[in-house]
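Colleague: Structure supplied as query18.pdb; contents: PDB, C-alpha atoms and all ligand atoms.
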```pdb
ATOM      1  CA  MET A1272      30.311 112.305 162.393  1.00  0.00           C
ATOM      2  CA  TRP A1273      27.991 114.731 164.123  1.00  0.00           C
ATOM      3  CA  ILE A1274      25.028 115.948 162.072  1.00  0.00           C
ATOM      4  CA  ASP A1275      23.394 119.298 162.744  1.00  0.00           C
ATOM      5  CA  ILE A1276      19.600 118.888 162.998  1.00  0.00           C
ATOM      6  CA  THR A1277      18.919 122.505 163.980  1.00  0.00           C
ATOM      7  CA  MET A1278      16.878 124.975 161.932  1.00  0.00           C
ATOM      8  CA  PRO A1279      19.031 127.978 161.037  1.00  0.00           C
ATOM      9  CA  LEU A1280      17.868 131.212 162.696  1.00  0.00           C
ATOM     10  CA  HIS A1281      17.309 134.065 160.257  1.00  0.00           C
ATOM     11  CA  LYS A1282      14.972 136.987 159.636  1.00  0.00           C
ATOM     12  CA  ASN A1283      12.813 135.214 157.070  1.00  0.00           C
ATOM     13  CA  MET A1284      12.387 131.954 158.937  1.00  0.00           C
ATOM     14  CA  PRO A1285       8.941 130.544 159.675  1.00  0.00           C
ATOM     15  CA  VAL A1286       7.472 131.354 163.075  1.00  0.00           C
ATOM     16  CA  TRP A1287       4.307 130.237 164.817  1.00  0.00           C
ATOM     17  CA  PRO A1288       1.344 132.392 163.655  1.00  0.00           C
ATOM     18  CA  GLY A1289       1.211 135.521 165.817  1.00  0.00           C
ATOM     19  CA  ASP A1290       4.651 135.019 167.387  1.00  0.00           C
ATOM     20  CA  ALA A1291       7.350 137.675 167.104  1.00  0.00           C
ATOM     21  CA  PRO A1292       9.423 137.255 163.941  1.00  0.00           C
ATOM     22  CA  PHE A1293      13.082 136.418 164.492  1.00  0.00           C
ATOM     23  CA  ASP A1294      15.324 139.453 164.273  1.00  0.00           C
ATOM     24  CA  TYR A1295      19.056 139.920 164.627  1.00  0.00           C
ATOM     25  CA  ARG A1296      20.653 143.330 164.507  1.00  0.00           C
ATOM     26  CA  LEU A1297      23.830 145.028 165.544  1.00  0.00           C
ATOM     27  CA  ALA A1298      23.285 147.282 168.534  1.00  0.00           C
ATOM     28  CA  ALA A1299      26.899 148.428 168.242  1.00  0.00           C
ATOM     29  CA  GLU A1300      29.313 148.248 165.313  1.00  0.00           C
ATOM     30  CA  LEU A1301      33.044 147.839 164.995  1.00  0.00           C
ATOM     31  CA  GLU A1302      33.160 151.294 163.430  1.00  0.00           C
ATOM     32  CA  PRO A1303      32.672 153.483 165.467  1.00  0.00           C
ATOM     33  CA  ASP A1304      31.818 151.499 168.599  1.00  0.00           C
ATOM     34  CA  GLY A1305      34.862 149.243 168.769  1.00  0.00           C
ATOM     35  CA  ALA A1306      32.999 145.939 168.481  1.00  0.00           C
ATOM     36  CA  ASN A1307      30.058 144.348 166.727  1.00  0.00           C
ATOM     37  CA  VAL A1308      27.457 143.580 169.386  1.00  0.00           C
ATOM     38  CA  GLY A1309      24.407 141.742 168.181  1.00  0.00           C
ATOM     39  CA  GLU A1310      21.019 141.436 169.753  1.00  0.00           C
ATOM     40  CA  VAL A1311      18.175 139.109 168.903  1.00  0.00           C
ATOM     41  CA  MET A1312      14.434 139.363 169.201  1.00  0.00           C
ATOM     42  CA  MET A1313      12.568 136.082 169.010  1.00  0.00           C
ATOM     43  CA  SER A1314       9.768 133.958 170.335  1.00  0.00           C
ATOM     44  CA  LEU A1315      11.363 131.155 172.352  1.00  0.00           C
ATOM     45  CA  HIS A1316       9.343 128.769 170.172  1.00  0.00           C
ATOM     46  CA  THR A1317      11.199 129.799 167.019  1.00  0.00           C
ATOM     47  CA  GLY A1318      13.226 127.176 165.238  1.00  0.00           C
ATOM     48  CA  THR A1319      14.502 124.068 167.023  1.00  0.00           C
ATOM     49  CA  HIS A1320      13.515 124.365 170.693  1.00  0.00           C
ATOM     50  CA  VAL A1321      12.475 122.603 173.869  1.00  0.00           C
ATOM     51  CA  ASP A1322       9.092 123.361 175.468  1.00  0.00           C
ATOM     52  CA  ALA A1323       9.138 123.587 179.254  1.00  0.00           C
ATOM     53  CA  PRO A1324       6.006 122.376 181.074  1.00  0.00           C
ATOM     54  CA  TYR A1325       5.474 126.010 182.132  1.00  0.00           C
ATOM     55  CA  HIS A1326       4.530 126.675 178.483  1.00  0.00           C
ATOM     56  CA  TYR A1327       1.225 124.889 179.029  1.00  0.00           C
ATOM     57  CA  ASP A1328       0.956 124.680 182.839  1.00  0.00           C
ATOM     58  CA  ASP A1329       1.276 127.682 185.187  1.00  0.00           C
ATOM     59  CA  PHE A1330       2.647 125.338 187.846  1.00  0.00           C
ATOM     60  CA  GLY A1331       4.901 123.399 185.488  1.00  0.00           C
ATOM     61  CA  LYS A1332       8.712 123.412 185.525  1.00  0.00           C
ATOM     62  CA  SER A1333      10.441 126.287 183.757  1.00  0.00           C
ATOM     63  CA  ILE A1334      13.142 125.622 181.166  1.00  0.00           C
ATOM     64  CA  ASP A1335      16.067 126.202 183.548  1.00  0.00           C
ATOM     65  CA  ALA A1336      14.704 123.503 185.891  1.00  0.00           C
ATOM     66  CA  LEU A1337      14.649 120.657 183.337  1.00  0.00           C
ATOM     67  CA  PRO A1338      17.049 117.746 183.921  1.00  0.00           C
ATOM     68  CA  LEU A1339      19.932 118.224 181.465  1.00  0.00           C
ATOM     69  CA  ASP A1340      20.761 114.519 181.180  1.00  0.00           C
ATOM     70  CA  LEU A1341      17.540 114.052 179.218  1.00  0.00           C
ATOM     71  CA  PHE A1342      18.924 116.273 176.470  1.00  0.00           C
ATOM     72  CA  MET A1343      22.007 114.128 175.907  1.00  0.00           C
ATOM     73  CA  GLY A1344      21.998 110.438 175.067  1.00  0.00           C
ATOM     74  CA  ALA A1345      20.600 107.750 172.795  1.00  0.00           C
ATOM     75  CA  VAL A1346      17.629 108.588 170.581  1.00  0.00           C
ATOM     76  CA  LEU A1347      15.577 106.430 168.255  1.00  0.00           C
ATOM     77  CA  LEU A1348      14.780 108.356 165.077  1.00  0.00           C
ATOM     78  CA  VAL A1349      11.743 106.974 163.244  1.00  0.00           C
ATOM     79  CA  GLU A1350      10.138 107.948 159.954  1.00  0.00           C
ATOM     80  CA  MET A1351       6.469 108.946 160.016  1.00  0.00           C
ATOM     81  CA  THR A1352       6.377 110.665 156.638  1.00  0.00           C
ATOM     82  CA  SER A1353       3.164 109.040 155.437  1.00  0.00           C
ATOM     83  CA  VAL A1354       0.764 109.675 158.329  1.00  0.00           C
ATOM     84  CA  GLU A1355      -1.207 112.791 159.267  1.00  0.00           C
ATOM     85  CA  GLN A1356      -1.278 111.952 162.950  1.00  0.00           C
ATOM     86  CA  ILE A1357       1.038 109.583 164.804  1.00  0.00           C
ATOM     87  CA  GLN A1358      -1.248 107.013 166.424  1.00  0.00           C
ATOM     88  CA  LYS A1359      -0.405 104.423 169.044  1.00  0.00           C
ATOM     89  CA  GLU A1360      -0.525 101.697 166.374  1.00  0.00           C
ATOM     90  CA  HIS A1361       2.331 103.449 164.524  1.00  0.00           C
ATOM     91  CA  VAL A1362       4.707 103.133 167.471  1.00  0.00           C
ATOM     92  CA  GLU A1363       3.651  99.853 169.085  1.00  0.00           C
ATOM     93  CA  MET A1364       6.151  97.728 167.185  1.00  0.00           C
ATOM     94  CA  LEU A1365       9.168 100.021 167.627  1.00  0.00           C
ATOM     95  CA  PRO A1366      12.238  98.658 169.466  1.00  0.00           C
ATOM     96  CA  LEU A1367      11.961 100.989 172.470  1.00  0.00           C
ATOM     97  CA  GLN A1368      13.673  98.871 175.087  1.00  0.00           C
ATOM     98  CA  GLY A1369      16.111 100.994 177.056  1.00  0.00           C
ATOM     99  CA  ILE A1370      15.281 104.063 174.924  1.00  0.00           C
ATOM    100  CA  GLU A1371      14.389 107.360 176.631  1.00  0.00           C
ATOM    101  CA  ARG A1372      14.212 109.587 173.561  1.00  0.00           C
ATOM    102  CA  ILE A1373      12.293 109.332 170.308  1.00  0.00           C
ATOM    103  CA  PHE A1374      12.396 111.699 167.326  1.00  0.00           C
ATOM    104  CA  PHE A1375       9.756 111.670 164.606  1.00  0.00           C
ATOM    105  CA  LYS A1376      10.777 112.574 161.079  1.00  0.00           C
ATOM    106  CA  THR A1377       7.450 113.608 159.582  1.00  0.00           C
ATOM    107  CA  LYS A1378       8.549 115.792 156.672  1.00  0.00           C
ATOM    108  CA  LYS A1379      10.341 114.931 153.452  1.00  0.00           C
ATOM    109  CA  GLU A1380      10.930 118.610 152.685  1.00  0.00           C
ATOM    110  CA  HIS A1381      11.400 121.535 155.058  1.00  0.00           C
ATOM    111  CA  ASP A1382      10.283 125.031 154.163  1.00  0.00           C
ATOM    112  CA  LEU A1383      12.845 127.274 155.852  1.00  0.00           C
ATOM    113  CA  TYR A1384      10.957 130.453 154.884  1.00  0.00           C
ATOM    114  CA  ARG A1385       7.253 129.816 155.306  1.00  0.00           C
ATOM    115  CA  PHE A1386       5.137 128.404 158.152  1.00  0.00           C
ATOM    116  CA  ALA A1387       3.348 125.311 156.847  1.00  0.00           C
ATOM    117  CA  PRO A1388       0.127 124.814 158.855  1.00  0.00           C
ATOM    118  CA  SER A1389      -0.574 121.235 157.741  1.00  0.00           C
ATOM    119  CA  TYR A1390       1.949 119.160 159.646  1.00  0.00           C
ATOM    120  CA  THR A1391       1.892 115.775 161.338  1.00  0.00           C
ATOM    121  CA  THR A1392       0.593 115.805 164.919  1.00  0.00           C
ATOM    122  CA  VAL A1393       0.875 113.281 167.754  1.00  0.00           C
ATOM    123  CA  HIS A1394      -2.197 111.606 169.296  1.00  0.00           C
ATOM    124  CA  PRO A1395      -2.302 111.964 173.127  1.00  0.00           C
ATOM    125  CA  GLU A1396      -2.684 108.168 173.465  1.00  0.00           C
ATOM    126  CA  THR A1397       0.626 107.779 171.628  1.00  0.00           C
ATOM    127  CA  VAL A1398       2.282 109.933 174.284  1.00  0.00           C
ATOM    128  CA  THR A1399       0.774 107.828 177.078  1.00  0.00           C
ATOM    129  CA  PHE A1400       1.944 104.630 175.386  1.00  0.00           C
ATOM    130  CA  LEU A1401       5.462 105.915 174.777  1.00  0.00           C
ATOM    131  CA  ALA A1402       5.769 107.154 178.365  1.00  0.00           C
ATOM    132  CA  ALA A1403       4.778 103.701 179.606  1.00  0.00           C
ATOM    133  CA  GLN A1404       7.658 102.298 177.509  1.00  0.00           C
ATOM    134  CA  GLY A1405      10.103 104.651 179.226  1.00  0.00           C
ATOM    135  CA  ILE A1406      10.227 107.552 176.748  1.00  0.00           C
ATOM    136  CA  LYS A1407      11.044 110.862 178.435  1.00  0.00           C
ATOM    137  CA  VAL A1408      11.821 113.103 175.445  1.00  0.00           C
ATOM    138  CA  LEU A1409       9.674 113.302 172.319  1.00  0.00           C
ATOM    139  CA  GLY A1410      11.065 115.261 169.386  1.00  0.00           C
ATOM    140  CA  THR A1411       9.427 116.192 166.109  1.00  0.00           C
ATOM    141  CA  ASP A1412      10.346 118.121 162.991  1.00  0.00           C
ATOM    142  CA  ALA A1413       6.850 119.654 163.078  1.00  0.00           C
ATOM    143  CA  PRO A1414       6.323 123.019 164.808  1.00  0.00           C
ATOM    144  CA  SER A1415       4.074 121.391 167.432  1.00  0.00           C
ATOM    145  CA  VAL A1416       2.776 118.017 168.622  1.00  0.00           C
ATOM    146  CA  ASP A1417      -0.756 119.470 168.434  1.00  0.00           C
ATOM    147  CA  ALA A1418      -2.503 120.942 165.388  1.00  0.00           C
ATOM    148  CA  VAL A1419      -2.151 124.683 164.804  1.00  0.00           C
ATOM    149  CA  GLU A1420      -5.876 125.327 165.401  1.00  0.00           C
ATOM    150  CA  ASP A1421      -6.041 123.074 168.489  1.00  0.00           C
ATOM    151  CA  VAL A1422      -6.097 125.353 171.546  1.00  0.00           C
ATOM    152  CA  ALA A1423      -6.799 122.413 173.913  1.00  0.00           C
ATOM    153  CA  LEU A1424      -3.186 121.207 173.343  1.00  0.00           C
ATOM    154  CA  GLN A1425      -4.095 117.625 174.242  1.00  0.00           C
ATOM    155  CA  ALA A1426      -0.786 116.088 173.221  1.00  0.00           C
ATOM    156  CA  HIS A1427       1.122 118.790 175.135  1.00  0.00           C
ATOM    157  CA  HIS A1428      -0.966 118.094 178.238  1.00  0.00           C
ATOM    158  CA  ALA A1429      -0.484 114.341 177.843  1.00  0.00           C
ATOM    159  CA  CYS A1430       3.277 114.994 177.806  1.00  0.00           C
ATOM    160  CA  ASN A1431       2.955 117.102 180.941  1.00  0.00           C
ATOM    161  CA  GLU A1432       0.972 114.396 182.756  1.00  0.00           C
ATOM    162  CA  GLU A1433       3.448 111.706 181.742  1.00  0.00           C
ATOM    163  CA  GLY A1434       6.621 113.710 182.386  1.00  0.00           C
ATOM    164  CA  VAL A1435       7.623 113.694 178.708  1.00  0.00           C
ATOM    165  CA  TYR A1436       9.531 116.726 177.413  1.00  0.00           C
ATOM    166  CA  ILE A1437       8.939 118.048 173.896  1.00  0.00           C
ATOM    167  CA  ILE A1438      11.414 119.176 171.241  1.00  0.00           C
ATOM    168  CA  GLU A1439       9.894 120.909 168.225  1.00  0.00           C
ATOM    169  CA  ASN A1440      11.101 122.044 164.788  1.00  0.00           C
ATOM    170  CA  LEU A1441      13.957 119.567 164.476  1.00  0.00           C
ATOM    171  CA  TYR A1442      15.570 119.662 161.027  1.00  0.00           C
ATOM    172  CA  LEU A1443      15.543 116.045 159.899  1.00  0.00           C
ATOM    173  CA  LYS A1444      15.480 116.355 156.114  1.00  0.00           C
ATOM    174  CA  ASP A1445      18.897 114.812 155.576  1.00  0.00           C
ATOM    175  CA  VAL A1446      18.862 112.048 158.174  1.00  0.00           C
ATOM    176  CA  GLU A1447      17.501 108.543 157.991  1.00  0.00           C
ATOM    177  CA  ALA A1448      15.772 106.433 160.618  1.00  0.00           C
ATOM    178  CA  GLY A1449      17.996 104.690 163.131  1.00  0.00           C
ATOM    179  CA  LEU A1450      19.657 104.831 166.504  1.00  0.00           C
ATOM    180  CA  TYR A1451      21.676 107.954 167.252  1.00  0.00           C
ATOM    181  CA  GLU A1452      23.469 109.762 170.028  1.00  0.00           C
ATOM    182  CA  PHE A1453      21.932 113.189 170.662  1.00  0.00           C
ATOM    183  CA  ILE A1454      22.967 116.462 172.286  1.00  0.00           C
ATOM    184  CA  GLY A1455      20.642 119.482 172.458  1.00  0.00           C
ATOM    185  CA  LEU A1456      20.783 121.551 175.617  1.00  0.00           C
ATOM    186  CA  PRO A1457      18.311 124.311 176.451  1.00  0.00           C
ATOM    187  CA  LEU A1458      19.580 127.671 177.699  1.00  0.00           C
ATOM    188  CA  ALA A1459      19.221 128.480 181.390  1.00  0.00           C
ATOM    189  CA  ILE A1460      16.558 131.144 180.911  1.00  0.00           C
ATOM    190  CA  GLN A1461      15.270 131.613 184.445  1.00  0.00           C
ATOM    191  CA  GLY A1462      11.518 131.080 184.581  1.00  0.00           C
ATOM    192  CA  GLY A1463      11.441 130.527 180.804  1.00  0.00           C
ATOM    193  CA  ASP A1464       8.671 128.636 179.006  1.00  0.00           C
ATOM    194  CA  ALA A1465      10.998 127.308 176.274  1.00  0.00           C
ATOM    195  CA  SER A1466      14.479 127.631 174.829  1.00  0.00           C
ATOM    196  CA  PRO A1467      16.172 127.309 171.473  1.00  0.00           C
ATOM    197  CA  ILE A1468      18.714 124.474 171.316  1.00  0.00           C
ATOM    198  CA  ARG A1469      21.543 123.491 168.978  1.00  0.00           C
ATOM    199  CA  ALA A1470      20.603 119.906 168.236  1.00  0.00           C
ATOM    200  CA  ILE A1471      23.170 117.433 166.915  1.00  0.00           C
ATOM    201  CA  ILE A1472      23.099 113.672 166.409  1.00  0.00           C
ATOM    202  CA  ARG A1473      25.666 111.001 165.625  1.00  0.00           C
ATOM    203  CA  LYS A1474      24.845 107.541 164.291  1.00  0.00           C
ATOM    204  CA  VAL A1475      25.364 104.654 166.700  1.00  0.00           C
ATOM    205  CA  GLU A1476      27.199 101.890 164.820  1.00  0.00           C
TER     206      GLU A1476
HETATM  207 ZN    ZN B   1       7.086 125.129 171.486  1.00  0.00          ZN
END
```
Output the structure of this file as structure tokens.

Modeller:
Amino acid sequence: MWIDITMPLHKNMPVWPGDAPFDYRLAAELEPDGANVGEVMMSLHTGTHVDAPYHYDDFGKSIDALPLDLFMGAVLLVEMTSVEQIQKEHVEMLPLQGIERIFFKTKKEHDLYRFAPSYTTVHPETVTFLAAQGIKVLGTDAPSVDAVEDVALQAHHACNEEGVYIIENLYLKDVEAGLYEFIGLPLAIQGGDASPIRAIIRKVE
């Protein structure tokens, strides 16, 4: 059974402080235009999304250039609901052999209406360690791997240096730790710094 781990997109959803709020409206309507035609306005970092390296590096790959096979395949989902920052010591004992993707469930509850600034971050050393184990995609249910006030974006830059791609704002409230199959493809936005994805997982028996 596939499980949807995507944040729903709606007008009152939380967005990063200062980012454009999500908006959906009908630019044309069935009456009198003949069809409902919607348009959206959003920051590409709204809801469940992939960051392209171009987000934090002018010379980094844009979203349409990321290898798609990284966004399909086995993922280890681990619970980190009792730490404020994910340190190397928290991941050292994980069974990462042959695993290229790791998702961190850091929240017990998700606020689908309000941005919550105190979320669990990832220490840059953790990124370096995970990359050395073969991890290429790091996902979190937090809005960022760095703290909201941290403009140095150390964990983002560690990911860039190590070739690890970041998924943010996963919706993991209803799923438990374990090994899953994952699909979550970014849109081919040419030159884009990020893209929303529809993320789904299925338990590996
Ligand atoms: Zn982002």

Colleague: On this file, the PyMOL selection byres (((chain A and resi 1360-1376) around 10) and not hetatm) gives some set of residues; write that set as a VMD selection string.

Modeller: chain A and resid 1341 to 1352 1354 1356 to 1359 1377 to 1379 1391 1393 1396 to 1398 1400 to 1402 1404 to 1413 1435 to 1439 1441 to 1444 1446 to 1453

Colleague: For ligand ZN 1 (chain B), which residue among A:Asp1322, A:Asp1445, A:Asp1328, A:Asp1304 is the nearest when counting all atoms listed in the file?

Modeller: A:Asp1322

Colleague: Using all atoms listed in the file, give me every residue within 8 Å of (17.1, 120.9, 168.5) in file coordinates, as an MDAnalysis selection string.

Modeller: chainID A and resid 1276:1278 1319:1321 1438:1442 1455 1467:1471

Colleague: Determine, counting all atoms listed in the file, which protein, DNA and RNA residues have an atom within 9 Å of an atom of segment 1336-1340 of chain A; residues of the same chain fewer than 6 positions away are not included. Present the result as a PyMOL selection string.

Modeller: chain A and resi 1323+1436+1456-1457+1459+1461-1462

Colleague: Kindly provide, as AutoDock Vina command-line options, the centre and edge lengths (Å, one decimal) of an axis-aligned box around all atoms of segment 1451-1469 of chain A given in the file, with 8 Å on each side.

Modeller:
```
--center_x 16.1 --center_y 119.8 --center_z 175.9 --size_x 30.8 --size_y 39.7 --size_z 33.3
```

Colleague: Please determine, counting all atoms listed in the file, which residue among A:Arg1385, A:His1394, A:Lys1474, A:His1326 has the shortest atom-to-atom distance to ligand ZN 1 (chain B).

Modeller: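 Nearest candidate to ligand ZN 1 (chain B) out of A:Arg1385, A:His1394, A:Lys1474, A:His1326: A:His1326.
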
Colleague: What's the 8 Å shell around Ala1299 of chain A, counting only C-alpha atoms, without same-chain residues fewer than 4 positions away, as a ChimeraX atom specification?

Modeller: /A:1304,1306-1309

Colleague: Nearest to ligand ZN 1 (chain B) among A:Asp1290, A:Glu1380, A:Asp1275, A:Glu1476, with distances taken over only C-alpha atoms and all ligand atoms: which residue is it?

Modeller: A:Asp1290

Colleague: For ligand ZN 1 (chain B), which residue out of A:Lys1332, A:His1427, A:Arg1296, A:His1381 is the nearest one, using only C-alpha atoms and all ligand atoms?

Modeller: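 Looking only at the distances to ligand ZN 1 (chain B), the closest residue turns out to be A:His1427.
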
Colleague: Between atom CA of Ser1314 of chain A and atom CA of Asp1417 of chain A, what is the distance in Å, rounded to a tenth?

Modeller: 18.0 Å

Colleague: Check the smallest atom-to-atom distance from each of A:Thr1399, A:Asn1431, A:Asn1283, A:Thr1317 to ligand ZN 1 (chain B) using only C-alpha atoms and all ligand atoms, then report the winner.

Modeller: A:Thr1317

Colleague: Can you measure atom CA of Pro1414 of chain A to atom CA of Met1312 of chain A for me? One decimal in Å is fine.

Modeller: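 About the pair atom CA of Pro1414 of chain A and atom CA of Met1312 of chain A: they are 18.8 Å apart.
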
Colleague: Would you compute the distance between atom CA of Pro1285 of chain A and atom CA of Asp1421 of chain A? Give it in Å to one decimal.

Modeller: 18.9 Å

Colleague: Name the residues that the PyMOL selection byres (((chain A and resi 1311) around 6) and not hetatm) pulls out of this structure, and write them as a count of residues only.

Modeller: 4

Colleague: Identify, on the basis of all atoms listed in the file, every residue whose closest approach to Tyr1327 of chain A does not exceed 8 Å; exclude the query and any residue fewer than 3 positions from it along the same chain; express the result as a ChimeraX atom specification.

Modeller: /A:1324,1331,1427-1428

Colleague: Could you check which of A:Pro1303, A:Pro1279, A:Gly1463, A:Pro1395 is closest to ligand ZN 1 (chain B), using only C-alpha atoms and all ligand atoms?

Modeller: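 Nearest to ligand ZN 1 (chain B): A:Gly1463.
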
Colleague: Give me the result of the PyMOL selection byres (((chain A and resi 1419) around 9) and not hetatm) on this file, residue by residue, as a ChimeraX atom specification.

Modeller: /A:1287-1288,1388-1390,1414-1415,1417-1418,1420-1422
